[in-house]
Number of protein chains: 2
Amino acid sequence: MDQPVLHPRSVRHTPLAAVVLTNGDIDHIAGLLVLREKTGFDVYATGDILRILADSAVFGVLDPDHVTQKRMQIGASFEPTPGLIITPYNVPGKVPLFQESGEVDTAMISENTIGLEITANGKTLQYVPGCALITDDIKDRFAGSDQILFDGTVWENDEMKKTATGTKTGRRMGHIPISGAQGSLAQLAGVTAPAKTFIHINNTNPIWNPASSERAEILDAGWTIAHDGMEIVL
Amino acid sequence: MDQPVLHPRSVRHTPLAAVVLTNGDIDHIAGLLVLREKTGFDVYATGDILRILADSAVFGVLDPDHVTQKRMQIGASFEPTPGLIITPYNVPGKVPLFQESGEVDTAMISENTIGLEITANGKTLQYVPGCALITDDIKDRFAGSDQILFDGTVWENDEMKKTATGTKTGRRMGHIPISGAQGSLAQLAGVTAPAKTFIHINNTNPIWNPASSERAEILDAGWTIAHDGMEIVL
């Protein structure tokens, strides 16, 4: 696609047109605090996630003179930079950890966890970093897409306990495991996208190990693994 | 000194007994958001800085079951881990950027910017990452200390403008420059600590350049530069 229109460059420019939030957890929002101050970009988020930013005075670093917060509506497309169309959609998930109280619904449909359909040059990419349950809606949406980026947090539901790194299951954290009959690998086996990539991979996940049978299994199934500095051209 | 008593280790331990905050700006507090969850440590801060944490829902990630927030009083010593005594003291400074409004007093005495006197094994270290003005009180406190870690943000007051990286002066940001008659190098020339180290150094500061005359000047004056991974044993 054509070069997106970025904000004016300087020796300290931030080469971002926009940040689009799909979740209100720390790993999705804390990065906003360390983007360079006084450079311009837009932040798109649902009403629930914008409220999370508003409820934390520290996000006042996003100076409204430079950073515009824009509310996304589920199902309503927007164009953050010319030629790039984004449509947010519901994905089962939960509220951020720091908002949890009492019994937590870990697979609810709300503005707290969403997926993004991103189209440019007639091609479509699905971005779903967190997903508690693969619904028929999600499968339908993935059908015919050119690229899928999907939640690869854990291989097994009880992986944190097995590796003595924690006590929570993947599902308790709002993440479907990759393996098993109900896992993402099986549930998305019918998706024929030319590129399928696991993202948001926990450091306990054995697919990180190039020599693992788990890595071999996802590669055999046509999946790859995202990496730092990855660039995507549609 | 003896090995401090740390919280129980596991494959995912956080090897910290305590975090002590000297300022409420992003570069001082955002790191709290990315420390590993569900591991125990204490956070010491003044009342003003604790209020900043309380006013930002996102700091709810500091689970009170594991992390205890403790209020420091200016001048009141505490022992965050056996054998290490810390005394907070006033340093001229300002409120965090995200709390600024109207005319800003950039060199006020308040709970927003403090220094720490740290003693162990009969030795004393001064930790002052932000300082707008070197008072006689500060000079008196530094006299006889074994180690000084001091604000080295900018070399010149108008360095950001000169390097086309910003418009604010060092003093506007609450930082005294290193150079000049009123700068820290001249003002602290009488301090005879065996180790004097600049910290909190902006990436515009020419002392980063090993070949610069500015680097030569601070080395000649008995100062060194802090580095990532630096460990200090008193």
# chains A, B, ... in the order shown; residues from 1 in each chain; ligands from 1

call {"tool": "interface_residues", "arguments": {"of": "chain B", "to": "chain A", "cutoff": "8 Å", "atoms": "only C-alpha atoms", "output": "PyMOL selection string"}}
result
chain B and resi 10-12+26+30+33-34+52+55-61+97-99+164-165

call {"tool": "write_last_selection", "arguments": {"atoms": "N, CA and C atoms", "output": "JSON list (two decimals), in the first residue's frame"}}
result
[["chain", "number", "residue", "atom", "x", "y", "z"],
["B", 10, "SER", "N", 11.69, -18.24, 43.44],
["B", 10, "SER", "CA", 11.07, -19.28, 42.65],
["B", 10, "SER", "C", 11.62, -19.10, 41.25],
["B", 11, "VAL", "N", 11.16, -19.88, 40.30],
["B", 11, "VAL", "CA", 11.66, -19.68, 38.93],
["B", 11, "VAL", "C", 11.27, -18.32, 38.41],
["B", 12, "ARG", "N", 10.32, -17.68, 39.04],
["B", 12, "ARG", "CA", 9.90, -16.35, 38.59],
["B", 12, "ARG", "C", 10.01, -15.30, 39.68],
["B", 26, "ILE", "N", 6.75, 9.75, 35.08],
["B", 26, "ILE", "CA", 6.65, 8.46, 34.40],
["B", 26, "ILE", "C", 7.92, 7.63, 34.51],
["B", 30, "ALA", "N", 6.54, 4.25, 36.16],
["B", 30, "ALA", "CA", 5.94, 3.31, 35.19],
["B", 30, "ALA", "C", 6.55, 1.92, 35.30],
["B", 33, "LEU", "N", 4.68, -0.97, 36.87],
["B", 33, "LEU", "CA", 3.64, -1.69, 36.12],
["B", 33, "LEU", "C", 4.17, -2.96, 35.46],
["B", 34, "VAL", "N", 5.47, -3.03, 35.29],
["B", 34, "VAL", "CA", 6.01, -4.17, 34.55],
["B", 34, "VAL", "C", 6.86, -5.10, 35.41],
["B", 52, "ILE", "N", -0.41, 9.78, 43.91],
["B", 52, "ILE", "CA", -0.33, 9.62, 42.45],
["B", 52, "ILE", "C", -0.64, 8.16, 42.07],
["B", 55, "ASP", "N", -4.32, 7.52, 42.54],
["B", 55, "ASP", "CA", -5.17, 8.21, 41.57],
["B", 55, "ASP", "C", -5.15, 7.55, 40.19],
["B", 56, "SER", "N", -4.37, 6.52, 40.04],
["B", 56, "SER", "CA", -4.28, 5.82, 38.76],
["B", 56, "SER", "C", -4.65, 4.37, 38.98],
["B", 57, "ALA", "N", -5.87, 4.02, 38.52],
["B", 57, "ALA", "CA", -6.40, 2.67, 38.74],
["B", 57, "ALA", "C", -5.44, 1.59, 38.25],
["B", 58, "VAL", "N", -4.64, 1.94, 37.25],
["B", 58, "VAL", "CA", -3.74, 0.97, 36.64],
["B", 58, "VAL", "C", -2.72, 0.42, 37.66],
["B", 59, "PHE", "N", -2.41, 1.21, 38.69],
["B", 59, "PHE", "CA", -1.47, 0.73, 39.71],
["B", 59, "PHE", "C", -2.11, -0.31, 40.62],
["B", 60, "GLY", "N", -3.38, -0.62, 40.37],
["B", 60, "GLY", "CA", -4.01, -1.76, 41.03],
["B", 60, "GLY", "C", -3.30, -3.06, 40.74],
["B", 61, "VAL", "N", -2.41, -3.09, 39.74],
["B", 61, "VAL", "CA", -1.61, -4.30, 39.50],
["B", 61, "VAL", "C", -0.69, -4.59, 40.67],
["B", 97, "LEU", "N", 5.11, 15.95, 35.20],
["B", 97, "LEU", "CA", 4.62, 16.61, 33.98],
["B", 97, "LEU", "C", 3.10, 16.45, 33.82],
["B", 98, "PHE", "N", 2.59, 15.24, 34.12],
["B", 98, "PHE", "CA", 1.16, 15.01, 33.88],
["B", 98, "PHE", "C", 0.27, 15.68, 34.93],
["B", 99, "GLN", "N", 0.89, 16.29, 35.95],
["B", 99, "GLN", "CA", 0.11, 17.04, 36.94],
["B", 99, "GLN", "C", 0.29, 18.55, 36.78],
["B", 164, "ALA", "N", 17.73, 20.60, 18.74],
["B", 164, "ALA", "CA", 16.45, 20.48, 18.02],
["B", 164, "ALA", "C", 15.66, 19.25, 18.46],
["B", 165, "THR", "N", 15.76, 18.92, 19.75],
["B", 165, "THR", "CA", 15.02, 17.78, 20.27],
["B", 165, "THR", "C", 13.84, 18.21, 21.13]]

call {"tool": "residues_around", "arguments": {"residues": "Glu79 of chain B", "least_positions_apart": "6", "cutoff": "12 Å", "atoms": "only C-alpha atoms", "output": "PyMOL selection string"}}
result
chain B and resi 4-5+17-18+20+42+44+70+72+85-88+117-120

call {"tool": "closest_residue", "arguments": {"among": "A:Ile199, A:Leu21, A:Leu219, A:Ala132", "to": "Thr169 of chain A", "atoms": "only C-alpha atoms"}}
result
A:Ala132

call {"tool": "closest_residue", "arguments": {"among": "A:Gly47, A:Ser77, A:Arg172, A:Glu156", "to": "Glu103 of chain A", "atoms": "only C-alpha atoms"}}
result
A:Arg172

call {"tool": "select_by_dssp", "arguments": {"residues": "segment 106-142 of chain B", "states": "strand (DSSP E)", "output": "list in words"}}
result
Ile114, Gly115, Leu116, Glu117, Ile118, Thr119, Ala120, Lys123, Thr124, Leu125, Gln126, Tyr127 and Val128 of chain B

call {"tool": "write_last_selection", "arguments": {"atoms": "N, CA, C and O atoms", "output": "PDB file, in the first residue's frame"}}
result
ATOM      1  N   ILE B 114      12.491  14.237  45.954  1.00  0.00           N
ATOM      2  CA  ILE B 114      13.300  14.054  47.168  1.00  0.00           C
ATOM      3  C   ILE B 114      14.627  13.401  46.815  1.00  0.00           C
ATOM      4  O   ILE B 114      14.810  12.868  45.723  1.00  0.00           O
ATOM      5  N   GLY B 115      15.559  13.489  47.772  1.00  0.00           N
ATOM      6  CA  GLY B 115      16.800  12.739  47.683  1.00  0.00           C
ATOM      7  C   GLY B 115      16.789  11.668  48.759  1.00  0.00           C
ATOM      8  O   GLY B 115      15.964  11.706  49.683  1.00  0.00           O
ATOM      9  N   LEU B 116      17.686  10.702  48.611  1.00  0.00           N
ATOM     10  CA  LEU B 116      17.775   9.630  49.607  1.00  0.00           C
ATOM     11  C   LEU B 116      19.203   9.531  50.135  1.00  0.00           C
ATOM     12  O   LEU B 116      20.156   9.495  49.344  1.00  0.00           O
ATOM     13  N   GLU B 117      19.318   9.498  51.445  1.00  0.00           N
ATOM     14  CA  GLU B 117      20.607   9.180  52.058  1.00  0.00           C
ATOM     15  C   GLU B 117      20.551   7.718  52.455  1.00  0.00           C
ATOM     16  O   GLU B 117      19.659   7.304  53.202  1.00  0.00           O
ATOM     17  N   ILE B 118      21.471   6.940  51.919  1.00  0.00           N
ATOM     18  CA  ILE B 118      21.445   5.488  52.109  1.00  0.00           C
ATOM     19  C   ILE B 118      22.718   5.074  52.847  1.00  0.00           C
ATOM     20  O   ILE B 118      23.820   5.363  52.381  1.00  0.00           O
ATOM     21  N   THR B 119      22.555   4.442  53.995  1.00  0.00           N
ATOM     22  CA  THR B 119      23.745   4.032  54.744  1.00  0.00           C
ATOM     23  C   THR B 119      23.735   2.521  54.983  1.00  0.00           C
ATOM     24  O   THR B 119      22.683   1.902  55.190  1.00  0.00           O
ATOM     25  N   ALA B 120      24.924   1.959  54.922  1.00  0.00           N
ATOM     26  CA  ALA B 120      25.126   0.538  55.206  1.00  0.00           C
ATOM     27  C   ALA B 120      26.596   0.355  55.550  1.00  0.00           C
ATOM     28  O   ALA B 120      27.468   1.012  54.949  1.00  0.00           O
ATOM     29  N   LYS B 123      28.887   3.274  55.842  1.00  0.00           N
ATOM     30  CA  LYS B 123      29.150   4.147  54.698  1.00  0.00           C
ATOM     31  C   LYS B 123      27.855   4.789  54.219  1.00  0.00           C
ATOM     32  O   LYS B 123      26.771   4.242  54.404  1.00  0.00           O
ATOM     33  N   THR B 124      28.014   5.943  53.572  1.00  0.00           N
ATOM     34  CA  THR B 124      26.840   6.725  53.181  1.00  0.00           C
ATOM     35  C   THR B 124      26.862   7.071  51.699  1.00  0.00           C
ATOM     36  O   THR B 124      27.876   7.522  51.166  1.00  0.00           O
ATOM     37  N   LEU B 125      25.712   6.843  51.062  1.00  0.00           N
ATOM     38  CA  LEU B 125      25.529   7.186  49.643  1.00  0.00           C
ATOM     39  C   LEU B 125      24.370   8.172  49.526  1.00  0.00           C
ATOM     40  O   LEU B 125      23.365   8.036  50.228  1.00  0.00           O
ATOM     41  N   GLN B 126      24.510   9.156  48.649  1.00  0.00           N
ATOM     42  CA  GLN B 126      23.426  10.107  48.387  1.00  0.00           C
ATOM     43  C   GLN B 126      22.873   9.823  46.994  1.00  0.00           C
ATOM     44  O   GLN B 126      23.638   9.741  46.030  1.00  0.00           O
ATOM     45  N   TYR B 127      21.546   9.701  46.911  1.00  0.00           N
ATOM     46  CA  TYR B 127      20.890   9.401  45.630  1.00  0.00           C
ATOM     47  C   TYR B 127      19.940  10.539  45.287  1.00  0.00           C
ATOM     48  O   TYR B 127      18.908  10.731  45.940  1.00  0.00           O
ATOM     49  N   VAL B 128      20.291  11.320  44.264  1.00  0.00           N
ATOM     50  CA  VAL B 128      19.500  12.498  43.879  1.00  0.00           C
ATOM     51  C   VAL B 128      19.348  12.524  42.351  1.00  0.00           C
ATOM     52  O   VAL B 128      20.108  13.181  41.650  1.00  0.00           O
TER      53      VAL B 128
END

call {"tool": "closest_residue", "arguments": {"among": "A:Val91, A:Ala143, A:Thr106, A:Ile178", "to": "Glu214 of chain A", "atoms": "only C-alpha atoms"}}
result
A:Ile178

call {"tool": "residues_around", "arguments": {"residues": "Ile225 of chain B", "least_positions_apart": "3", "cutoff": "9 Å", "atoms": "only C-alpha atoms", "output": "list in words"}}
result
Gly152, Lys196, Thr197, Phe198, Ile199, Ile201, Ile207, Trp208, Ile218 and Leu219 of chain B

call {"tool": "closest_residue", "arguments": {"among": "A:Val104, A:Cys131, A:Leu185, A:Leu84", "to": "Leu234 of chain A", "atoms": "only C-alpha atoms"}}
result
A:Leu84

call {"tool": "closest_residue", "arguments": {"among": "A:Ser101, A:Asn157, A:Gln69, A:Thr81", "to": "Gln182 of chain A", "atoms": "only C-alpha atoms"}}
result
A:Asn157

call {"tool": "residues_around", "arguments": {"residues": "Ala107 of chain B", "least_positions_apart": "4", "cutoff": "7 Å", "atoms": "only C-alpha atoms", "output": "JSON, numbers by chain"}}
result
{"B": [92, 93, 94, 132, 133, 174]}

call {"tool": "write_last_selection", "arguments": {"atoms": "C-alpha atoms", "output": "short mmCIF file (atom, residue, chain, number, x, y, z; two decimals), in the first residue's frame"}}
result
data_model
loop_
_atom_site.label_atom_id
_atom_site.label_comp_id
_atom_site.auth_asym_id
_atom_site.auth_seq_id
_atom_site.Cartn_x
_atom_site.Cartn_y
_atom_site.Cartn_z
CA PRO B 92 14.08 21.46 44.92
CA GLY B 93 11.92 20.16 42.08
CA LYS B 94 8.45 20.21 40.56
CA ALA B 132 16.48 21.88 40.25
CA LEU B 133 18.82 23.86 42.50
CA GLY B 174 13.33 20.64 37.15
#
